[in-house]
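Asker: Supplied structure: model.cif, mmCIF, C-alpha atoms and all ligand atoms.
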```cif
data_data
#
loop_
_atom_site.label_atom_id
_atom_site.label_comp_id
_atom_site.auth_asym_id
_atom_site.auth_seq_id
_atom_site.Cartn_x
_atom_site.Cartn_y
_atom_site.Cartn_z
CA MET A 1 214.22 129.61 37.28
CA LYS A 2 213.86 126.68 34.99
CA ALA A 3 214.21 126.97 31.21
CA TYR A 4 213.41 124.50 28.45
CA TYR A 5 212.27 124.35 24.84
CA TYR A 6 208.54 125.03 24.58
CA ASP A 7 206.39 122.14 23.36
CA GLU A 8 204.62 123.61 20.31
CA SER A 9 202.71 120.37 19.71
CA ASP A 10 200.84 120.60 23.03
CA PRO A 11 197.43 122.16 22.28
CA SER A 12 196.72 123.17 25.88
CA SER A 13 196.43 126.78 26.98
CA GLN A 14 199.31 129.29 27.09
CA GLN A 15 199.29 128.92 30.89
CA ALA A 16 200.05 125.17 30.77
CA PRO A 17 203.75 124.27 31.16
CA HIS A 18 204.31 123.06 27.55
CA LEU A 19 207.19 121.16 29.10
CA THR A 20 209.83 119.28 27.13
CA ASP A 21 212.83 117.48 28.55
CA THR A 22 215.26 119.69 26.61
CA VAL A 23 216.74 121.85 29.33
CA VAL A 24 218.14 125.29 28.53
CA THR A 25 220.97 126.45 30.80
CA GLU A 26 221.88 129.91 32.11
CA GLU A 27 224.83 129.82 29.66
CA ASP A 28 222.44 129.12 26.75
CA LEU A 29 220.34 132.09 27.85
CA SER A 30 223.41 134.27 28.14
CA ALA A 31 224.34 133.36 24.53
CA ILE A 32 221.12 135.01 23.37
CA GLY A 33 221.67 138.04 25.58
CA VAL A 34 219.35 137.05 28.43
CA PHE A 35 220.71 137.92 31.89
CA TYR A 36 219.55 135.89 34.89
CA ARG A 37 220.29 136.02 38.63
CA GLN A 38 218.63 134.37 41.59
CA LEU A 39 218.38 136.83 44.49
CA LEU A 40 216.99 135.26 47.66
CA GLY A 41 217.40 135.72 51.40
CA PRO A 42 218.05 138.75 53.60
CA HIS A 43 220.48 140.39 51.15
CA ALA A 44 218.30 140.05 48.03
CA ILE A 45 217.30 143.70 47.87
CA THR A 46 220.85 144.93 48.54
CA GLU A 47 222.10 142.67 45.72
CA LEU A 48 219.32 143.91 43.46
CA ASN A 49 220.25 147.51 44.28
CA ASN A 50 223.91 146.79 43.48
CA ILE A 51 223.00 145.27 40.10
CA ALA A 52 220.66 148.19 39.41
CA ARG A 53 223.48 150.63 40.15
CA GLU A 54 226.05 148.74 38.02
CA ARG A 55 223.63 148.43 35.08
CA GLU A 56 222.30 151.98 35.54
CA TYR A 57 218.66 151.12 36.24
CA LYS A 58 217.36 154.37 37.68
CA ASN A 59 213.63 153.81 38.03
CA ARG A 60 211.36 151.05 39.23
CA ASP A 61 207.73 150.25 39.84
CA GLN A 62 205.64 147.20 40.63
CA ILE A 63 203.13 145.16 38.63
CA GLU A 64 200.75 142.46 39.80
CA VAL A 65 199.23 140.29 37.10
CA SER A 66 196.23 138.44 38.54
CA PRO A 67 192.43 138.37 38.29
CA ASN A 68 192.34 140.06 41.69
CA SER A 69 194.41 143.09 40.64
CA MET A 70 193.19 143.37 37.04
CA LYS A 71 189.58 142.30 37.43
CA ASP A 72 187.79 142.08 34.05
CA ALA A 73 190.92 143.22 32.19
CA TYR A 74 192.92 140.13 33.25
CA GLU A 75 192.06 137.85 30.31
CA SER A 76 192.62 140.56 27.70
CA LYS A 77 195.94 141.56 29.37
CA LEU A 78 197.10 137.94 29.20
CA LYS A 79 196.35 137.90 25.46
CA ILE A 80 198.30 141.14 24.96
CA PHE A 81 201.32 139.95 26.98
CA PHE A 82 201.34 136.70 24.98
CA GLU A 83 201.64 138.41 21.58
CA GLU A 84 205.16 137.98 20.24
CA HIS A 85 206.78 141.40 20.65
CA LEU A 86 209.96 143.35 21.26
CA HIS A 87 210.93 146.50 23.12
CA GLU A 88 213.44 149.16 22.19
CA ASP A 89 214.96 148.88 25.66
CA GLU A 90 215.69 146.09 28.12
CA GLU A 91 212.81 144.34 29.88
CA ILE A 92 213.95 143.98 33.50
CA ARG A 93 211.80 142.04 35.93
CA PHE A 94 212.45 140.96 39.52
CA VAL A 95 209.86 138.46 40.73
CA GLU A 96 208.69 139.28 44.24
CA ASP A 97 205.94 136.68 44.49
CA GLY A 98 204.04 134.15 42.41
CA THR A 99 205.17 132.49 39.18
CA GLY A 100 204.94 132.91 35.42
CA TYR A 101 206.50 132.15 32.05
CA PHE A 102 208.63 134.34 29.81
CA ASP A 103 209.09 132.80 26.34
CA VAL A 104 212.04 134.04 24.29
CA ARG A 105 212.93 133.34 20.65
CA GLU A 106 216.25 131.61 20.17
CA ASP A 107 217.49 133.55 17.16
CA ASN A 108 221.01 132.08 17.05
CA LYS A 109 219.68 128.59 16.20
CA ASP A 110 216.40 127.66 14.51
CA GLY A 111 214.14 130.22 16.08
CA LYS A 112 212.45 127.94 18.62
CA TRP A 113 210.68 129.28 21.70
CA ILE A 114 212.52 128.84 25.00
CA ARG A 115 210.19 128.88 28.00
CA ILE A 116 211.61 130.42 31.20
CA LYS A 117 209.64 129.63 34.33
CA VAL A 118 210.22 132.36 36.89
CA GLU A 119 209.46 132.45 40.60
CA LYS A 120 210.17 134.54 43.69
CA GLY A 121 213.77 135.81 43.74
CA ASP A 122 214.34 135.60 39.97
CA LEU A 123 215.82 138.62 38.21
CA LEU A 124 215.46 138.35 34.45
CA VAL A 125 216.71 140.87 31.91
CA LEU A 126 215.64 140.52 28.27
CA PRO A 127 217.76 142.54 25.86
CA ALA A 128 216.27 145.23 23.63
CA GLY A 129 215.21 143.73 20.30
CA ILE A 130 214.62 140.12 21.42
CA TYR A 131 211.22 138.68 20.48
CA HIS A 132 209.41 137.40 23.55
CA ARG A 133 206.04 137.01 25.26
CA PHE A 134 204.76 136.51 28.81
CA THR A 135 201.99 134.63 30.56
CA THR A 136 201.05 133.77 34.10
CA ASP A 137 200.89 130.02 34.73
CA GLU A 138 197.89 128.12 36.05
CA GLY A 139 198.40 129.82 39.45
CA ASP A 140 197.11 133.08 37.88
CA TYR A 141 199.36 135.28 40.02
CA ILE A 142 202.67 137.06 39.76
CA LYS A 143 204.00 140.21 41.43
CA ALA A 144 207.14 141.72 39.94
CA MET A 145 209.31 144.79 40.20
CA ARG A 146 209.89 146.44 36.82
CA LEU A 147 213.17 148.31 36.53
CA PHE A 148 214.00 150.91 33.91
CA LYS A 149 217.17 152.57 32.69
CA GLU A 150 215.29 155.81 32.12
CA GLU A 151 211.71 156.92 32.72
CA PRO A 152 209.22 154.02 33.02
CA LYS A 153 208.31 152.97 29.49
CA TRP A 154 206.61 149.80 28.38
CA VAL A 155 205.83 150.19 24.70
CA ALA A 156 205.48 146.71 23.18
CA LEU A 157 205.99 146.43 19.41
CA ASN A 158 204.22 143.34 18.14
CA LYS A 159 206.11 141.28 15.57
CA SER A 160 205.64 142.54 12.03
CA GLN A 161 207.73 143.25 8.93
CA GLU A 162 208.36 146.65 10.46
CA THR A 163 209.75 145.28 13.75
CA ASP A 164 211.85 142.73 11.82
CA ALA A 165 213.63 145.77 10.33
CA ASN A 166 213.67 147.79 13.58
CA LYS A 167 217.05 149.32 14.49
CA TYR A 168 217.11 147.67 17.95
CA ARG A 169 216.12 144.33 16.44
CA ARG A 170 218.97 144.53 13.92
CA GLU A 171 221.44 145.53 16.64
CA TYR A 172 220.25 142.62 18.79
CA LEU A 173 220.70 140.09 15.98
CA GLN A 174 224.16 141.48 15.30
CA SER A 175 225.15 141.09 18.98
CA VAL A 176 223.91 137.48 19.04
CA LYS A 177 225.85 136.70 15.84
CA GLN A 178 229.01 138.16 17.36
CA GLN A 179 228.61 135.99 20.48
CA VAL A 180 228.31 132.87 18.28
CA ALA A 181 231.43 133.85 16.29
CA ALA A 182 233.47 134.63 19.45
C1 LIG A 201 205.65 139.86 35.22
S1 LIG A 201 205.81 141.30 34.29
C2 LIG A 201 204.43 141.30 33.17
C3 LIG A 201 204.80 141.13 31.78
C4 LIG A 201 205.42 142.35 31.21
O1 LIG A 201 205.52 143.37 31.83
C5 LIG A 201 205.92 142.32 29.86
O2 LIG A 201 206.36 143.48 29.36
C6 LIG A 201 206.01 141.23 29.11
O3 LIG A 201 206.62 141.27 27.94
FE FE A 202 207.73 142.58 26.84
#
```
What does the file become when written as structure tokens?
Ligand SMILES: CSCCC(=O)/C(O)=C/O
Ligand SMILES: [Fe+2]
Answerer:
Amino acid sequence: MKAYYYDESDPSSQQAPHLTDTVVTEEDLSAIGVFYRQLLGPHAITELNNIAREREYKNRDQIEVSPNSMKDAYESKLKIFFEEHLHEDEEIRFVEDGTGYFDVREDNKDGKWIRIKVEKGDLLVLPAGIYHRFTTDEGDYIKAMRLFKEEPKWVALNKSQETDANKYRREYLQSVKQQVAA
């Protein structure tokens, strides 16, 4: 995992790195409610299962985002994933292969995008209510396990006045404010 502020001034495609030299640390991510762990090696799945048990993730499935798996739907899927959106529950992804970018809004400062480059072995948990988006990188391939607290659910609510007032959004902003005050 490597995280940095996203270069908004770079006109290249969403799949380009948009790299800046402003690094974002795991502690910075934690301050906006983003949980990260690197799980590699022979014990990775055991560690993942332990975290899943502690955090009460009961269900899981797998997604591959690539032209090979999605065929003609790939380009339109990439556009959908890259719309700024939130979920009413955590987004939990364990990268099994390939690479991609999750962008998250840093709401406790001036609302900039933070780009998180993920690769094999990365477990990333985005809290309910955080605005975010996803894209594959120029490698056009990622395979990830999706974990769920309850039944698999992946309703994305695109940013609007309605989502700005959403209960989970308001609770998220409150939790971030409390972390800053603490
Ligand atoms: C690598 S997981 C694909 C992206 C996704 O599932 C999602 O919900 C993005 O916000
Ligand atoms: Fe999402």
Asker: Please indicate the distance in Å from CA of Asp97 (chain A) to CA of Phe35 (chain A), rounded to one decimal place.
Answerer: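 Those two atoms sit 19.5 Å apart.
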Asker: Which is closest to ligand LIG 201 (chain A) among A:Glu75, A:Glu47, A:Glu151, A:Glu96, if we use all atoms listed in the file?
Answerer: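 Answer, going by the shortest atom-to-atom distance: A:Glu96.
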Asker: At most 7 Å from (217.5, 128.3, 32.9), file frame, all atoms listed in the file: which residues, as an MDAnalysis selection string?
Answerer: chainID A and resid 1:3 24:26 29 116
Asker: Write a file of the selected residues as a PDB file, in the frame of the given file, keeping C-alpha atoms.
Answerer:
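Generated output (result-v3.pdb):
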```pdb
ATOM      1  CA  MET A   1     214.220 129.610  37.280  1.00  0.00           C
ATOM      2  CA  LYS A   2     213.860 126.680  34.990  1.00  0.00           C
ATOM      3  CA  ALA A   3     214.210 126.970  31.210  1.00  0.00           C
ATOM      4  CA  VAL A  24     218.140 125.290  28.530  1.00  0.00           C
ATOM      5  CA  THR A  25     220.970 126.450  30.800  1.00  0.00           C
ATOM      6  CA  GLU A  26     221.880 129.910  32.110  1.00  0.00           C
ATOM      7  CA  LEU A  29     220.340 132.090  27.850  1.00  0.00           C
ATOM      8  CA  ILE A 116     211.610 130.420  31.200  1.00  0.00           C
TER       9      ILE A 116
END
```
Asker: Identify which of the residues A:His132, A:Ser12, A:Tyr168, A:Pro152 lies closest to Asp107 (chain A), counting all atoms listed in the file when measuring atom-to-atom distances.
Answerer: A:His132
Asker: As an exercise, work out the distance from CA of Val104 (chain A) to CA of Asn68 (chain A) in Å and give it to one decimal place.
Answerer: 27.0 Å
Asker: Pick out the residues sitting within 9 Å of Leu126 (chain A), and hand them over as a compact mmCIF listing (two decimals) with C-alpha atoms, in the coordinates of the input; count all atoms listed in the file, and ignore anything fewer than 6 positions along from it in its own chain.
Answerer:
```
# COMPACT_ATOMS: atom_id res chain seq x y z
CA GLY A 33 221.67 138.04 25.58
CA VAL A 34 219.35 137.05 28.43
CA PHE A 35 220.71 137.92 31.89
CA TYR A 36 219.55 135.89 34.89
CA ASP A 89 214.96 148.88 25.66
CA GLU A 90 215.69 146.09 28.12
CA GLU A 91 212.81 144.34 29.88
CA ILE A 92 213.95 143.98 33.50
CA ARG A 93 211.80 142.04 35.93
CA VAL A 104 212.04 134.04 24.29
CA HIS A 132 209.41 137.40 23.55
```
Asker: What does the list of residues within 7 Å of ligand FE 202 (chain A) look like if you count all atoms listed in the file, written as a ChimeraX atom specification?
Answerer: /A:81,85-87,91,132-133,156
Asker: As a quick test: using only C-alpha atoms and all ligand atoms, which residues lie no more than 9 Å away from ligand LIG 201 (chain A)? Give them as a PDB file with C-alpha atoms, in the frame of the given file.
Answerer:
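Output below, filename out.pdb:
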```
ATOM      1  CA  GLN A  62     205.640 147.200  40.630  1.00  0.00           C
ATOM      2  CA  ILE A  63     203.130 145.160  38.630  1.00  0.00           C
ATOM      3  CA  GLU A  64     200.750 142.460  39.800  1.00  0.00           C
ATOM      4  CA  VAL A  65     199.230 140.290  37.100  1.00  0.00           C
ATOM      5  CA  LEU A  78     197.100 137.940  29.200  1.00  0.00           C
ATOM      6  CA  ILE A  80     198.300 141.140  24.960  1.00  0.00           C
ATOM      7  CA  PHE A  81     201.320 139.950  26.980  1.00  0.00           C
ATOM      8  CA  PHE A  82     201.340 136.700  24.980  1.00  0.00           C
ATOM      9  CA  GLU A  83     201.640 138.410  21.580  1.00  0.00           C
ATOM     10  CA  GLU A  84     205.160 137.980  20.240  1.00  0.00           C
ATOM     11  CA  HIS A  85     206.780 141.400  20.650  1.00  0.00           C
ATOM     12  CA  LEU A  86     209.960 143.350  21.260  1.00  0.00           C
ATOM     13  CA  HIS A  87     210.930 146.500  23.120  1.00  0.00           C
ATOM     14  CA  GLU A  91     212.810 144.340  29.880  1.00  0.00           C
ATOM     15  CA  ILE A  92     213.950 143.980  33.500  1.00  0.00           C
ATOM     16  CA  ARG A  93     211.800 142.040  35.930  1.00  0.00           C
ATOM     17  CA  PHE A  94     212.450 140.960  39.520  1.00  0.00           C
ATOM     18  CA  VAL A  95     209.860 138.460  40.730  1.00  0.00           C
ATOM     19  CA  THR A  99     205.170 132.490  39.180  1.00  0.00           C
ATOM     20  CA  GLY A 100     204.940 132.910  35.420  1.00  0.00           C
ATOM     21  CA  TYR A 101     206.500 132.150  32.050  1.00  0.00           C
ATOM     22  CA  PHE A 102     208.630 134.340  29.810  1.00  0.00           C
ATOM     23  CA  ASP A 103     209.090 132.800  26.340  1.00  0.00           C
ATOM     24  CA  VAL A 118     210.220 132.360  36.890  1.00  0.00           C
ATOM     25  CA  HIS A 132     209.410 137.400  23.550  1.00  0.00           C
ATOM     26  CA  ARG A 133     206.040 137.010  25.260  1.00  0.00           C
ATOM     27  CA  PHE A 134     204.760 136.510  28.810  1.00  0.00           C
ATOM     28  CA  THR A 135     201.990 134.630  30.560  1.00  0.00           C
ATOM     29  CA  THR A 136     201.050 133.770  34.100  1.00  0.00           C
ATOM     30  CA  ILE A 142     202.670 137.060  39.760  1.00  0.00           C
ATOM     31  CA  LYS A 143     204.000 140.210  41.430  1.00  0.00           C
ATOM     32  CA  ALA A 144     207.140 141.720  39.940  1.00  0.00           C
ATOM     33  CA  MET A 145     209.310 144.790  40.200  1.00  0.00           C
ATOM     34  CA  ARG A 146     209.890 146.440  36.820  1.00  0.00           C
ATOM     35  CA  TRP A 154     206.610 149.800  28.380  1.00  0.00           C
ATOM     36  CA  VAL A 155     205.830 150.190  24.700  1.00  0.00           C
ATOM     37  CA  ALA A 156     205.480 146.710  23.180  1.00  0.00           C
TER      38      ALA A 156
END
```
Asker: Provide the CA of Asp10 (chain A) to CA of Ile114 (chain A) distance in Å, to one decimal place.
Answerer: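 CA of Ile114 (chain A) lies 14.4 Å from CA of Asp10 (chain A).
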Asker: Quick one: of A:Tyr4, A:Lys167, A:Ala73, A:Leu147, who's nearest to Leu124 (chain A), counting all atoms listed in the file?
Answerer: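 Closest to Leu124 (chain A), using all atoms listed in the file: A:Leu147.
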Asker: Determine the nearest neighbour of Gln178 (chain A) from the options A:Ser9, A:Lys120, A:Ile32, A:Thr163, counting all atoms listed in the file.
Answerer: A:Ile32
Asker: Within 8 Å of Leu40 (chain A), counting all atoms listed in the file, which residues show up once you throw out same-chain ones fewer than 2 positions away? Write them as JSON, numbers by chain, please.
Answerer: {"A": [38, 42, 43, 44, 120, 121]}
Asker: Kindly export the residues of the current selection with C-alpha atoms, as an mmCIF file, in the coordinates of the input.
Answerer:
```cif
data_model
loop_
_atom_site.group_PDB
_atom_site.id
_atom_site.type_symbol
_atom_site.label_atom_id
_atom_site.label_comp_id
_atom_site.auth_asym_id
_atom_site.auth_seq_id
_atom_site.Cartn_x
_atom_site.Cartn_y
_atom_site.Cartn_z
ATOM 1 C CA GLN A 38 218.630 134.370 41.590
ATOM 2 C CA PRO A 42 218.050 138.750 53.600
ATOM 3 C CA HIS A 43 220.480 140.390 51.150
ATOM 4 C CA ALA A 44 218.300 140.050 48.030
ATOM 5 C CA LYS A 120 210.170 134.540 43.690
ATOM 6 C CA GLY A 121 213.770 135.810 43.740
#
```
Asker: Padding of 3 Å on every side, edges along x, y and z, all listed atoms of region 153-156 of chain A included: what centre and edge lengths in Å, to one decimal, does that box have, as AutoDock Vina command-line options?
Answerer:
```
--center_x 206.9 --center_y 149.8 --center_z 26.3 --size_x 8.8 --size_y 12.3 --size_z 12.3
```
Asker: Find the residue from A:Asn108, A:Lys153, A:Tyr5, A:Asp61 that sits nearest to His18 (chain A); use all atoms listed in the file when measuring.
Answerer: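 The answer is A:Tyr5, which sits nearest to His18 (chain A).
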Asker: Taking the point (207.2, 120.8, 26.9) as given in the file, collect each protein or nucleic acid residue that comes within 6 Å of it, counting all atoms listed in the file, and present the set as a list in words.
Answerer: Tyr6, Asp7, His18, Leu19 and Thr20 of chain A
Asker: Here is a test: counting only C-alpha atoms, which residue of A:Lys112, A:Lys159, A:Arg105, A:Lys149 is nearest to Val176 (chain A)?
Answerer: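 Looking at the shortest contact to Val176 (chain A), the residue is A:Arg105.
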